[in-house]
Amino acid sequence: PDQIQNLSNLQTLSVYSNLLSGPIPRWIGALPNLTWLDLSVNMFNGSIPSSLGNITSLQNLILSANQLTGNIPVSLSDLRDLQ
């Protein structure tokens with residue numbers, strides 16, 4: 001739900017295998033303290049939002065088993081702690 005975007009201190013967001021569909025919400029990039037983001041095994045489609053590159057604390061990003069298309073955004077290369 002969109003209310004998650006108001007949780008500015010959120011560190012872990014996992015929606016693994018929840019049958020979610022549509023594009024990855026761009027507002028996820030506005031969660032400044034997120035260190036773990038798991039959106040895997042859903043039906044997300046479209047491209048990876050470049051706004052994910054704004055999450056400078058992000059260490060783990062799991063997007064596998066979706067229907068994503070396009071290139072990996074260049075902004076993700078700036079995430080120094082991403083493993």
# chains A, B, ... in the order shown; residues from 1 in each chain; ligands from 1
>>> residues_around(residues="Gly22 (chain A)", least_positions_apart="6", cutoff="10 Å", atoms="only C-alpha atoms", output="VMD selection string")
chain A and resid 42 to 46 67 to 68
>>> write_last_selection(atoms="C-alpha atoms", output="PDB file, in the first residue's frame")
ATOM      1  CA  ASN A  42       5.993 -11.273  -7.970  1.00  0.00           C
ATOM      2  CA  MET A  43       4.644 -10.018 -11.279  1.00  0.00           C
ATOM      3  CA  PHE A  44       6.198  -6.550 -11.358  1.00  0.00           C
ATOM      4  CA  ASN A  45       6.629  -5.336 -14.928  1.00  0.00           C
ATOM      5  CA  GLY A  46       8.186  -2.442 -16.754  1.00  0.00           C
ATOM      6  CA  GLN A  67       8.650  -9.487 -15.555  1.00  0.00           C
ATOM      7  CA  LEU A  68      10.982  -6.509 -15.618  1.00  0.00           C
TER       8      LEU A  68
END
>>> residues_around(residues="Gln3 (chain A)", least_positions_apart="5", cutoff="12 Å", atoms="only C-alpha atoms", output="PDB file with C-alpha atoms, in the first residue's frame")
ATOM      1  CA  SER A   8      10.868   7.063   6.583  1.00  0.00           C
ATOM      2  CA  LEU A  10      11.905   1.648   7.468  1.00  0.00           C
ATOM      3  CA  PRO A  25       6.397   2.082  -7.274  1.00  0.00           C
ATOM      4  CA  TRP A  27       8.151   6.199  -4.169  1.00  0.00           C
ATOM      5  CA  ILE A  28      10.240   3.273  -2.882  1.00  0.00           C
ATOM      6  CA  LEU A  31      12.746   5.524   1.690  1.00  0.00           C
TER       7      LEU A  31
END
>>> residues_around(residues="Gln83 (chain A)", least_positions_apart="6", cutoff="9 Å", atoms="only C-alpha atoms", output="compact mmCIF listing (two decimals) with all heavy atoms, in the first residue's frame")
# COMPACT_ATOMS: atom_id res chain seq x y z
N LEU A 58 21.07 1.43 0.76
CA LEU A 58 20.66 0.10 0.28
C LEU A 58 21.86 -0.84 0.15
O LEU A 58 22.87 -0.52 -0.47
CB LEU A 58 19.95 0.25 -1.07
CG LEU A 58 19.14 -0.95 -1.55
CD1 LEU A 58 18.03 -1.29 -0.57
CD2 LEU A 58 18.56 -0.67 -2.92
N GLN A 59 21.74 -2.00 0.78
CA GLN A 59 22.78 -3.02 0.74
C GLN A 59 22.36 -4.25 -0.05
O GLN A 59 23.19 -4.91 -0.66
CB GLN A 59 23.17 -3.44 2.16
CG GLN A 59 23.76 -2.32 2.97
CD GLN A 59 23.98 -2.71 4.42
OE1 GLN A 59 23.88 -3.88 4.79
NE2 GLN A 59 24.27 -1.74 5.25
N ASN A 60 21.08 -4.58 -0.01
CA ASN A 60 20.56 -5.77 -0.70
C ASN A 60 19.34 -5.39 -1.53
O ASN A 60 18.38 -4.83 -0.99
CB ASN A 60 20.17 -6.85 0.32
CG ASN A 60 21.36 -7.36 1.07
OD1 ASN A 60 22.12 -8.17 0.56
ND2 ASN A 60 21.55 -6.87 2.29
N LEU A 61 19.40 -5.73 -2.79
CA LEU A 61 18.31 -5.46 -3.73
C LEU A 61 18.02 -6.75 -4.48
O LEU A 61 18.87 -7.25 -5.22
CB LEU A 61 18.70 -4.34 -4.70
CG LEU A 61 17.71 -4.02 -5.80
CD1 LEU A 61 16.38 -3.55 -5.22
CD2 LEU A 61 18.29 -2.97 -6.74
>>> residues_around(residues="Asp78 (chain A)", least_positions_apart="2", cutoff="12 Å", atoms="only C-alpha atoms", output="compact mmCIF listing (two decimals) with N, CA and C atoms, in the first residue's frame")
# COMPACT_ATOMS: atom_id res chain seq x y z
N SER A 50 14.69 4.39 -11.75
CA SER A 50 15.99 4.99 -11.42
C SER A 50 15.97 5.59 -10.02
N SER A 51 14.80 5.85 -9.47
CA SER A 51 14.70 6.42 -8.12
C SER A 51 15.26 5.48 -7.06
N LEU A 52 15.41 4.19 -7.37
CA LEU A 52 16.02 3.27 -6.41
C LEU A 52 17.46 3.68 -6.13
N GLY A 53 18.07 4.38 -7.05
CA GLY A 53 19.43 4.88 -6.86
C GLY A 53 19.53 5.96 -5.78
N ASN A 54 18.38 6.47 -5.33
CA ASN A 54 18.37 7.48 -4.26
C ASN A 54 18.50 6.86 -2.87
N ILE A 55 18.37 5.54 -2.78
CA ILE A 55 18.42 4.87 -1.48
C ILE A 55 19.88 4.56 -1.17
N THR A 56 20.60 5.55 -0.70
CA THR A 56 22.05 5.42 -0.53
C THR A 56 22.45 4.40 0.53
N SER A 57 21.54 4.03 1.42
CA SER A 57 21.84 3.04 2.45
C SER A 57 21.58 1.60 1.98
N LEU A 58 21.07 1.43 0.76
CA LEU A 58 20.66 0.10 0.28
C LEU A 58 21.86 -0.84 0.15
N GLN A 59 21.74 -2.00 0.78
CA GLN A 59 22.78 -3.02 0.74
C GLN A 59 22.36 -4.25 -0.05
N PRO A 73 19.21 0.71 -14.28
CA PRO A 73 19.49 2.14 -14.25
C PRO A 73 20.92 2.44 -13.80
N VAL A 74 21.54 3.41 -14.46
CA VAL A 74 22.90 3.83 -14.12
C VAL A 74 22.96 4.32 -12.68
N SER A 75 21.88 4.87 -12.17
CA SER A 75 21.85 5.41 -10.80
C SER A 75 22.17 4.34 -9.76
N LEU A 76 21.92 3.08 -10.06
CA LEU A 76 22.22 2.01 -9.11
C LEU A 76 23.72 1.81 -8.94
N ARG A 80 27.09 2.54 -3.14
CA ARG A 80 28.40 1.99 -2.71
C ARG A 80 28.28 0.75 -1.84
N ASP A 81 27.20 0.62 -1.07
CA ASP A 81 27.06 -0.51 -0.15
C ASP A 81 26.28 -1.68 -0.73
N LEU A 82 25.80 -1.52 -1.96
CA LEU A 82 25.00 -2.57 -2.59
C LEU A 82 25.85 -3.81 -2.84
>>> closest_residue(among="A:Leu7, A:Ile72, A:Leu13, A:Ala30", to="Ser47 (chain A)", atoms="only C-alpha atoms")
A:Ile72
>>> closest_residue(among="A:Ser77, A:Asn33, A:Asn66, A:Ser21", to="Asn6 (chain A)", atoms="only C-alpha atoms")
A:Asn33
>>> select_by_dssp(residues="chain A", states="strand (DSSP E)", output="PyMOL selection string")
chain A and resi 12-14+21-22+36-38+43-46+60-62+67-68
>>> residues_around(residues="Asp38 (chain A)", least_positions_apart="6", cutoff="9 Å", atoms="only C-alpha atoms", output="JSON, numbers by chain")
{"A": [12, 13, 14, 15, 16, 60, 61, 62, 63, 64]}
>>> write_last_selection(atoms="all heavy atoms", output="short mmCIF file (atom, residue, chain, number, x, y, z; two decimals), in the first residue's frame")
data_model
loop_
_atom_site.label_atom_id
_atom_site.label_comp_id
_atom_site.auth_asym_id
_atom_site.auth_seq_id
_atom_site.Cartn_x
_atom_site.Cartn_y
_atom_site.Cartn_z
N THR A 12 13.89 -2.46 6.32
CA THR A 12 13.71 -3.69 5.55
C THR A 12 12.31 -3.71 4.95
O THR A 12 11.34 -3.50 5.66
CB THR A 12 13.89 -4.94 6.45
OG1 THR A 12 15.20 -4.93 7.00
CG2 THR A 12 13.68 -6.21 5.67
N LEU A 13 12.26 -3.97 3.65
CA LEU A 13 10.98 -4.13 2.98
C LEU A 13 11.05 -5.39 2.13
O LEU A 13 11.85 -5.47 1.19
CB LEU A 13 10.66 -2.92 2.10
CG LEU A 13 9.35 -2.99 1.30
CD1 LEU A 13 8.15 -3.17 2.22
CD2 LEU A 13 9.19 -1.75 0.43
N SER A 14 10.27 -6.39 2.50
CA SER A 14 10.23 -7.64 1.76
C SER A 14 8.78 -7.97 1.43
O SER A 14 7.95 -8.10 2.32
CB SER A 14 10.84 -8.78 2.58
OG SER A 14 10.74 -10.00 1.88
N VAL A 15 8.51 -8.06 0.14
CA VAL A 15 7.18 -8.46 -0.33
C VAL A 15 7.33 -9.70 -1.21
O VAL A 15 6.61 -9.89 -2.17
CB VAL A 15 6.45 -7.31 -1.05
CG1 VAL A 15 6.09 -6.21 -0.08
CG2 VAL A 15 7.26 -6.79 -2.21
N TYR A 16 8.27 -10.54 -0.85
CA TYR A 16 8.58 -11.77 -1.57
C TYR A 16 7.31 -12.61 -1.79
O TYR A 16 6.54 -12.85 -0.85
CB TYR A 16 9.61 -12.58 -0.77
CG TYR A 16 9.82 -13.99 -1.23
CD1 TYR A 16 10.68 -14.26 -2.28
CD2 TYR A 16 9.15 -15.04 -0.62
CE1 TYR A 16 10.87 -15.56 -2.71
CE2 TYR A 16 9.34 -16.33 -1.04
CZ TYR A 16 10.20 -16.60 -2.09
OH TYR A 16 10.38 -17.88 -2.53
N ASN A 60 21.08 -4.58 -0.01
CA ASN A 60 20.56 -5.77 -0.70
C ASN A 60 19.34 -5.39 -1.53
O ASN A 60 18.38 -4.83 -0.99
CB ASN A 60 20.17 -6.85 0.32
CG ASN A 60 21.36 -7.36 1.07
OD1 ASN A 60 22.12 -8.17 0.56
ND2 ASN A 60 21.55 -6.87 2.29
N LEU A 61 19.40 -5.73 -2.79
CA LEU A 61 18.31 -5.46 -3.73
C LEU A 61 18.02 -6.75 -4.48
O LEU A 61 18.87 -7.25 -5.22
CB LEU A 61 18.70 -4.34 -4.70
CG LEU A 61 17.71 -4.02 -5.80
CD1 LEU A 61 16.38 -3.55 -5.22
CD2 LEU A 61 18.29 -2.97 -6.74
N ILE A 62 16.83 -7.29 -4.28
CA ILE A 62 16.46 -8.57 -4.88
C ILE A 62 15.22 -8.35 -5.74
O ILE A 62 14.14 -8.05 -5.23
CB ILE A 62 16.21 -9.64 -3.80
CG1 ILE A 62 17.40 -9.69 -2.84
CG2 ILE A 62 15.96 -11.00 -4.44
CD1 ILE A 62 17.12 -10.39 -1.55
N LEU A 63 15.39 -8.51 -7.04
CA LEU A 63 14.31 -8.25 -8.00
C LEU A 63 13.99 -9.47 -8.87
O LEU A 63 13.20 -9.36 -9.81
CB LEU A 63 14.69 -7.08 -8.91
CG LEU A 63 14.99 -5.75 -8.22
CD1 LEU A 63 15.51 -4.73 -9.22
CD2 LEU A 63 13.75 -5.22 -7.52
N SER A 64 14.58 -10.60 -8.58
CA SER A 64 14.45 -11.78 -9.43
C SER A 64 13.01 -12.29 -9.52
O SER A 64 12.17 -12.01 -8.67
CB SER A 64 15.36 -12.89 -8.92
OG SER A 64 15.02 -13.23 -7.59
#
>>> select_by_dssp(residues="chain A", states="helix (DSSP H, G or I)", output="VMD selection string")
chain A and resid 2 to 6 26 to 30 50 to 54 74 to 78
>>> closest_residue(among="A:Leu19, A:Ala65, A:Leu34, A:Ile24", to="Ile48 (chain A)", atoms="only C-alpha atoms")
A:Ile24
>>> atom_distance(atom1="CA of Leu79 (chain A)", atom2="CA of Pro49 (chain A)")
14.1 Å
